Amino acid sequence: MTDDDERDRLAQDLLRLSLPELVDVLQRVLPAHAERGTIVPSVLVLAEISWVSGGDSSSRELSIEGVAWPDRDYYDGGFGPEPALYEQGTCPVCQLDVTSTAKRAFCPQCGTLCQLT
């Protein structure tokens, strides 16, 4: 078990990463915490939540998209051409709305290759 100082050092290391690098590190960690064989299966994913406010708080539109893991083999080990989460789409299998740094990325929920725009 780690102590607070070790977790603080780890957090500082993660803060030094670019967004694509952070997504890559979390791809290596979050799926390991999935509980697929349980009565209520669950998967930990990274998500982007955004909202557009209208004239009042009741007209706020909320969007939640799972962060899809770039197809690093397709991008020769890279993270795709864009450094930010600009590519969006819907997983064709599980219908999760996803976003990624790459047009070709894997759904964080079911692992399906998604073609994003």
# chains A, B, ... in the order shown; residues from 1 in each chain; ligands from 1

$ residues_around --residues "A:Ile64" --least-positions-apart "3" --cutoff "8 Å" --atoms "only C-alpha atoms" --output "ChimeraX atom specification"
/A:47-50,97

$ residues_around --residues "A:Gly80" --least-positions-apart "6" --cutoff "8 Å" --atoms "only C-alpha atoms" --output "ChimeraX atom specification"
/A:70,72,101-103

$ residues_around --residues "A:Val52" --least-positions-apart "4" --cutoff "7 Å" --atoms "only C-alpha atoms" --output "PyMOL selection string"
chain A and resi 60-62

$ atom_distance --atom1 "atom CA of A:Glu82" --atom2 "atom CA of A:Leu44"
24.2 Å

$ atom_distance --atom1 "atom CA of A:Glu87" --atom2 "atom CA of A:Leu14"
22.9 Å

$ select_by_dssp --residues "chain A" --states "strand (DSSP E)" --output "list in words"
Ala47, Glu48, Ile49, Ser50, Trp51, Val52, Glu61, Leu62, Ser63, Ile64, Glu65, Gly66, Val67, Trp69, Pro70, Glu87, Gln88, Gly89, Thr90, Asp97, Val98, Thr99, Ser100, Arg104, Ala105, Phe106, Leu113, Cys114 and Gln115 of chain A

$ closest_residue --among "A:Ala105, A:Pro83, A:Asp3, A:Gly77" --to "A:Leu17" --atoms "only C-alpha atoms"
A:Pro83

$ closest_residue --among "A:Val67, A:Ile39, A:Val45, A:Val29" --to "A:Leu85" --atoms "only C-alpha atoms"
A:Val67

$ closest_residue --among "A:Cys107, A:Phe79, A:Val93, A:Ser53" --to "A:Glu65" --atoms "only C-alpha atoms"
A:Cys107

$ closest_residue --among "A:Asp76, A:Leu46, A:Glu35, A:Trp69" --to "A:Arg104" --atoms "only C-alpha atoms"
A:Trp69

$ closest_residue --among "A:Cys114, A:Leu10, A:Val40, A:Leu19" --to "A:Ala84" --atoms "only C-alpha atoms"
A:Leu19

$ select_by_dssp --residues "chain A" --states "helix (DSSP H, G or I)" --output "number ranges by chain"
A: 4-15, 19-33, 57-59

$ closest_residue --among "A:Leu113, A:Thr2, A:Ser18, A:Val43" --to "A:Leu30" --atoms "only C-alpha atoms"
A:Val43
